[in-house]
$ cat run.cif   # mmCIF, C-alpha atoms
data_structure
#
loop_
_atom_site.label_atom_id
_atom_site.label_comp_id
_atom_site.auth_asym_id
_atom_site.auth_seq_id
_atom_site.Cartn_x
_atom_site.Cartn_y
_atom_site.Cartn_z
CA MET A 1 -29.87 14.21 -34.76
CA LYS A 2 -29.30 13.58 -31.08
CA TYR A 3 -31.54 13.52 -28.04
CA ASP A 4 -31.65 12.56 -24.39
CA SER A 5 -34.56 11.23 -22.32
CA PRO A 6 -35.18 11.08 -18.57
CA SER A 7 -35.18 7.69 -16.85
CA SER A 8 -38.98 7.60 -16.60
CA LYS A 9 -41.52 8.42 -19.31
CA PRO A 10 -41.00 12.06 -20.36
CA LYS A 11 -43.66 14.76 -19.97
CA ALA A 12 -43.03 16.18 -23.44
CA VAL A 13 -40.31 16.56 -26.08
CA ILE A 14 -38.25 19.75 -26.28
CA GLN A 15 -36.40 20.41 -29.53
CA PHE A 16 -33.71 23.09 -29.46
CA VAL A 17 -32.87 25.10 -32.57
CA PRO A 18 -29.67 26.87 -31.50
CA ASP A 19 -28.03 29.77 -33.26
CA PRO A 20 -25.81 28.30 -36.03
CA SER A 21 -23.20 30.97 -35.26
CA SER A 22 -23.05 30.13 -31.53
CA PRO A 23 -20.59 27.72 -29.90
CA LYS A 24 -21.58 24.07 -29.78
CA GLY A 25 -23.29 23.10 -26.54
CA CYS A 26 -24.44 26.60 -25.58
CA GLU A 27 -27.83 25.14 -24.63
CA ARG A 28 -26.36 22.46 -22.35
CA PHE A 29 -27.45 24.24 -19.17
CA LEU A 30 -31.08 24.15 -20.27
CA THR A 31 -30.78 20.60 -21.56
CA GLU A 32 -29.61 19.26 -18.21
CA ALA A 33 -32.25 21.18 -16.25
CA LEU A 34 -35.09 20.08 -18.54
CA LEU A 35 -33.98 16.45 -18.38
CA GLU A 36 -34.00 16.67 -14.60
CA ALA A 37 -37.51 18.14 -14.77
CA GLY A 38 -38.73 15.15 -16.79
CA TYR A 39 -38.57 16.34 -20.40
CA ALA A 40 -36.96 14.58 -23.35
CA VAL A 41 -34.59 17.02 -25.06
CA GLY A 42 -33.09 17.02 -28.53
CA THR A 43 -30.98 19.29 -30.72
CA ALA A 44 -30.68 19.40 -34.49
CA ASP A 45 -27.04 20.44 -34.79
CA PHE A 46 -25.62 18.15 -37.44
CA PHE A 47 -23.53 20.90 -38.99
CA ARG A 48 -22.09 22.31 -35.76
CA SER A 49 -18.66 21.11 -34.75
CA ASP A 50 -15.88 22.15 -32.42
CA ALA A 51 -14.56 24.40 -35.16
CA ALA A 52 -15.17 28.15 -35.05
CA PRO A 53 -18.90 28.98 -35.41
CA ARG A 54 -19.96 30.55 -38.70
CA VAL A 55 -23.02 32.26 -40.10
CA ILE A 56 -25.41 30.01 -42.03
CA ARG A 57 -28.26 31.49 -44.06
CA PRO A 58 -31.66 29.74 -44.27
CA ASN A 59 -31.61 29.86 -48.09
CA SER A 60 -28.18 28.24 -48.34
CA ARG A 61 -27.71 24.51 -48.92
CA GLU A 62 -26.67 23.96 -45.31
CA GLY A 63 -29.55 26.12 -44.10
CA GLN A 64 -32.09 24.10 -46.08
CA GLU A 65 -30.60 20.88 -44.72
CA LEU A 66 -30.97 22.20 -41.19
CA ILE A 67 -34.60 23.15 -41.79
CA GLY A 68 -35.26 19.65 -43.09
CA GLU A 69 -33.56 18.21 -40.00
CA ILE A 70 -35.78 20.30 -37.73
CA CYS A 71 -38.94 19.21 -39.54
CA SER A 72 -38.08 15.50 -39.46
CA PHE A 73 -36.60 15.47 -35.95
CA TYR A 74 -39.72 14.50 -34.02
CA ASP A 75 -40.80 11.80 -36.48
CA ARG A 76 -37.34 10.24 -36.45
CA MET A 77 -37.21 10.36 -32.68
CA GLU A 78 -40.61 8.69 -32.57
CA GLU A 79 -39.25 5.81 -34.68
CA ASP A 80 -36.63 5.16 -32.00
CA GLU A 81 -38.89 5.62 -28.98
CA ALA A 82 -42.54 4.68 -29.47
CA GLU A 83 -43.44 6.02 -26.02
CA ILE A 84 -43.10 9.61 -27.21
CA ARG A 85 -45.68 9.19 -29.98
CA ASP A 86 -48.49 11.03 -28.19
CA LEU A 87 -46.37 13.53 -26.28
CA PRO A 88 -46.50 17.29 -26.89
CA HIS A 89 -43.61 18.71 -28.92
CA PHE A 90 -42.18 22.14 -28.05
CA LEU A 91 -39.78 23.99 -30.34
CA VAL A 92 -37.18 26.28 -28.69
CA GLY A 93 -35.34 28.75 -30.93
CA ILE A 94 -32.25 30.46 -29.52
CA GLY A 95 -30.82 33.67 -31.04
CA GLY A 96 -30.50 33.22 -34.79
CA GLY A 97 -32.10 29.78 -34.36
CA VAL A 98 -35.44 31.58 -34.01
CA MET A 99 -35.32 32.33 -37.74
CA PHE A 100 -34.63 28.69 -38.60
CA ALA A 101 -37.52 27.61 -36.37
CA GLU A 102 -39.79 29.96 -38.32
CA PHE A 103 -38.73 28.50 -41.65
CA ALA A 104 -39.37 25.01 -40.28
CA LEU A 105 -42.87 26.04 -39.21
CA ASP A 106 -43.50 27.25 -42.74
CA LYS A 107 -42.87 23.64 -43.79
CA ALA A 108 -45.68 22.43 -41.49
CA CYS A 109 -43.39 21.21 -38.74
CA ARG A 110 -45.37 19.51 -35.98
CA VAL A 111 -45.36 21.71 -32.86
CA ASP A 112 -47.53 22.23 -29.76
CA GLY A 113 -45.77 25.32 -28.42
CA ILE A 114 -42.88 27.67 -29.22
CA ILE A 115 -40.29 29.34 -27.01
CA GLU A 116 -38.07 32.04 -28.50
CA ILE A 117 -34.95 32.99 -26.51
CA ALA A 118 -32.94 36.15 -27.27
CA PRO A 119 -34.36 36.77 -30.77
CA ARG A 120 -32.19 38.94 -33.01
CA SER A 121 -33.26 42.35 -34.25
CA PHE A 122 -34.12 41.01 -37.73
CA ILE A 123 -37.49 40.22 -36.19
CA LYS A 124 -38.17 43.91 -35.65
CA GLU A 125 -37.24 44.72 -39.23
CA TYR A 126 -39.93 42.57 -40.80
CA LEU A 127 -42.61 42.77 -38.12
CA LEU A 128 -43.19 46.53 -38.04
CA THR A 129 -46.68 46.78 -39.52
CA ARG A 130 -49.68 44.56 -40.05
CA ARG A 131 -49.71 45.35 -43.76
CA PHE A 132 -46.11 44.24 -44.09
CA LEU A 133 -46.87 41.09 -42.14
CA LYS A 134 -49.69 40.16 -44.48
CA ARG A 135 -47.64 40.88 -47.58
CA LYS A 136 -44.66 38.85 -46.42
CA ARG A 137 -46.63 36.06 -44.71
CA MET A 138 -44.31 36.28 -41.72
CA LEU A 139 -46.98 35.37 -39.19
CA GLU A 140 -49.51 33.45 -41.27
CA ARG A 141 -47.02 30.59 -41.24
CA PHE A 142 -47.27 30.28 -37.46
CA PRO A 143 -49.62 27.63 -36.07
CA ASN A 144 -51.99 29.00 -33.44
CA VAL A 145 -50.11 27.52 -30.50
CA PRO A 146 -48.76 29.09 -27.29
CA ILE A 147 -45.67 31.25 -27.82
CA TYR A 148 -43.28 32.52 -25.13
CA ILE A 149 -40.62 35.12 -26.02
CA LEU A 150 -37.70 35.85 -23.69
CA GLY A 151 -34.90 38.40 -23.91
CA GLY A 152 -32.66 40.88 -22.09
CA ASP A 153 -32.86 44.66 -21.93
CA GLU A 154 -29.10 44.94 -22.54
CA ASP A 155 -29.06 42.72 -25.63
CA PRO A 156 -27.71 44.75 -28.59
CA GLU A 157 -28.77 41.98 -30.99
CA SER A 158 -32.45 42.61 -30.16
CA ARG A 159 -32.10 46.37 -29.82
CA ARG A 160 -32.18 46.04 -26.05
CA GLY A 161 -35.36 44.01 -25.94
CA ASP A 162 -37.29 45.84 -28.66
CA ALA A 163 -37.42 42.71 -30.83
CA VAL A 164 -39.16 40.83 -28.03
CA ILE A 165 -41.83 43.50 -27.53
CA VAL A 166 -42.46 44.08 -31.25
CA ARG A 167 -42.77 40.37 -31.87
CA ALA A 168 -45.30 39.88 -29.08
CA GLN A 169 -47.30 42.89 -30.29
CA ALA A 170 -47.28 41.68 -33.89
CA LEU A 171 -48.55 38.25 -32.88
CA SER A 172 -51.30 39.82 -30.78
CA ILE A 173 -52.34 42.09 -33.66
CA SER A 174 -52.60 38.98 -35.81
CA GLU A 175 -55.08 37.62 -33.23
CA HIS A 176 -52.82 34.86 -32.02
CA ASP A 177 -54.50 33.31 -28.98
CA SER A 178 -51.66 32.80 -26.50
CA VAL A 179 -48.59 35.04 -26.54
CA ALA A 180 -46.43 35.88 -23.51
CA PHE A 181 -43.07 37.59 -23.18
CA LYS A 182 -40.54 38.57 -20.54
CA ILE A 183 -37.53 40.88 -20.59
CA TYR A 184 -34.80 40.37 -17.98
CA PRO A 185 -33.15 43.55 -16.60
CA GLY A 186 -29.41 43.70 -17.18
CA ALA A 187 -29.30 40.59 -19.38
CA GLY A 188 -27.35 40.58 -22.65
CA HIS A 189 -27.60 38.40 -25.76
CA ASP A 190 -25.89 35.37 -24.21
CA ILE A 191 -28.79 35.04 -21.82
CA LEU A 192 -28.23 31.31 -21.21
CA ASN A 193 -24.95 32.17 -19.50
CA ASP A 194 -26.08 35.43 -17.88
CA ASP A 195 -26.76 36.04 -14.19
CA CYS A 196 -30.50 35.69 -14.81
CA ARG A 197 -30.32 32.15 -16.17
CA LYS A 198 -31.77 30.50 -13.06
CA TYR A 199 -34.79 32.81 -13.35
CA LEU A 200 -34.98 32.11 -17.08
CA LEU A 201 -35.07 28.38 -16.36
CA ARG A 202 -37.70 28.82 -13.65
CA ASP A 203 -39.91 30.82 -16.01
CA ILE A 204 -39.53 28.32 -18.86
CA LEU A 205 -40.41 25.36 -16.62
CA PHE A 206 -43.42 27.22 -15.19
CA TRP A 207 -44.65 28.08 -18.70
CA LEU A 208 -44.16 24.53 -19.98
CA ASP A 209 -45.89 22.93 -17.00
CA ALA A 210 -48.79 25.38 -17.24
CA HIS A 211 -49.39 24.54 -20.90
CA LEU A 212 -49.04 20.81 -20.30
CA ASP A 213 -51.80 21.12 -17.69
CA GLU A 214 -54.00 22.59 -20.40
CA GLU A 215 -53.50 19.60 -22.73
#
$ encode --input "run.cif" --output "structure tokens"
Amino acid sequence: MKYDSPSSKPKAVIQFVPDPSSPKGCERFLTEALLEAGYAVGTADFFRSDAAPRVIRPNSREGQELIGEICSFYDRMEEDEAEIRDLPHFLVGIGGGVMFAEFALDKACRVDGIIEIAPRSFIKEYLLTRRFLKRKRMLERFPNVPIYILGGDEDPESRRGDAVIVRAQALSISEHDSVAFKIYPGAGHDILNDDCRKYLLRDILFWLDAHLDEE
């Protein structure tokens, strides 16, 4: 577990769940910008190293350890910094990290809002119909908190943005109260390093600040 805090009391805590198969530090751009904006930022990446990235499945031993790390992250951070005890906690899944964030939520992970960045197309595969959703419990596990889904229309991993749209529709069908999404023209899967990243950051900060105002 690692985290960084701004010099003054943070507005909220942002926990990144990066894609286990992505290079270490891929979320650094967002980390630095969020710190500058007054948020405490952390990443559960105990298994990621400078070695070549590899695929990790949620049901594997390493995957289960990561899910446990995600679930305990906020509580352990709170032990180190008492001032964050009453702050909102936002979970940010990136790429394949979206799936790990979902598994953590199924374990009753504390969360006040969710941001999903560049979700992979697996989301479309198991969110096609309401009947399938109910049978597989893929959305019942989600707390009724604000969710923001972001992706690119040139991302082959999300079928060029289809995963974003299907996910938002499925959540709305399930009568989730607050779901928003945005698709960036010309953006690929590595959206954090794409030309649109300054707009992505602007939109994330606007969404976060708006929901903090509602607290």
$ atom_distance --input "run.cif" --atom1 "CA of Tyr74 in chain A" --atom2 "CA of Leu205 in chain A"
20.5 Å
$ residues_around --input "run.cif" --residues "Ala180 in chain A" --least-positions-apart "5" --cutoff "8 Å" --atoms "all atoms listed in the file" --output "list in words"
Ile147, Tyr148, Ile149 and Ala168 of chain A
$ residues_around --input "run.cif" --residues "range 59-67 of chain A" --least-positions-apart "2" --cutoff "7 Å" --atoms "only C-alpha atoms" --output "compact mmCIF listing (two decimals) with C-alpha atoms, in the coordinates of the input"
# COMPACT_ATOMS: atom_id res chain seq x y z
CA ILE A 56 -25.41 30.01 -42.03
CA ARG A 57 -28.26 31.49 -44.06
CA GLU A 69 -33.56 18.21 -40.00
CA ILE A 70 -35.78 20.30 -37.73
CA CYS A 71 -38.94 19.21 -39.54
CA PHE A 100 -34.63 28.69 -38.60
CA PHE A 103 -38.73 28.50 -41.65
CA ALA A 104 -39.37 25.01 -40.28
$ closest_residue --input "run.cif" --among "A:Leu35, A:Val41, A:Val17, A:Ile117" --to "His89 in chain A" --atoms "all atoms listed in the file"
A:Val41
$ atom_distance --input "run.cif" --atom1 "CA of Ile191 in chain A" --atom2 "CA of Val13 in chain A"
22.2 Å
$ closest_residue --input "run.cif" --among "A:Glu102, A:Asp177, A:Gly151, A:Gly113" --to "Arg197 in chain A" --atoms "all atoms listed in the file"
A:Gly151
$ closest_residue --input "run.cif" --among "A:Leu34, A:Ala163, A:Ile114, A:Met99" --to "Val179 in chain A" --atoms "only C-alpha atoms"
A:Ile114
$ resolve_selection --input "run.cif" --expression "the PyMOL selection byres ((chain A and resi 157) around 8)" --output "number ranges by chain"
A: 119-121, 155-156, 158-160, 189
$ resolve_selection --input "run.cif" --expression "the PyMOL selection byres ((chain A and resi 29) around 10)" --output "tab-separated table (two decimals) with C-alpha atoms, keeping the file's coordinate frame"
chain	number	residue	atom	x	y	z
A	25	GLY	CA	-23.29	23.10	-26.54
A	26	CYS	CA	-24.44	26.60	-25.58
A	27	GLU	CA	-27.83	25.14	-24.63
A	28	ARG	CA	-26.36	22.46	-22.35
A	30	LEU	CA	-31.08	24.15	-20.27
A	31	THR	CA	-30.78	20.60	-21.56
A	32	GLU	CA	-29.61	19.26	-18.21
A	33	ALA	CA	-32.25	21.18	-16.25
A	34	LEU	CA	-35.09	20.08	-18.54
A	192	LEU	CA	-28.23	31.31	-21.21
A	193	ASN	CA	-24.95	32.17	-19.50
A	197	ARG	CA	-30.32	32.15	-16.17
A	198	LYS	CA	-31.77	30.50	-13.06
A	201	LEU	CA	-35.07	28.38	-16.36
$ resolve_selection --input "run.cif" --expression "the PyMOL selection byres ((chain A and resi 153) around 7)" --output "PyMOL selection string"
chain A and resi 151-152+154-155+160-161+183-188
$ closest_residue --input "run.cif" --among "A:Met77, A:Leu91, A:Ile115, A:Ala101" --to "Trp207 in chain A" --atoms "all atoms listed in the file"
A:Ile115
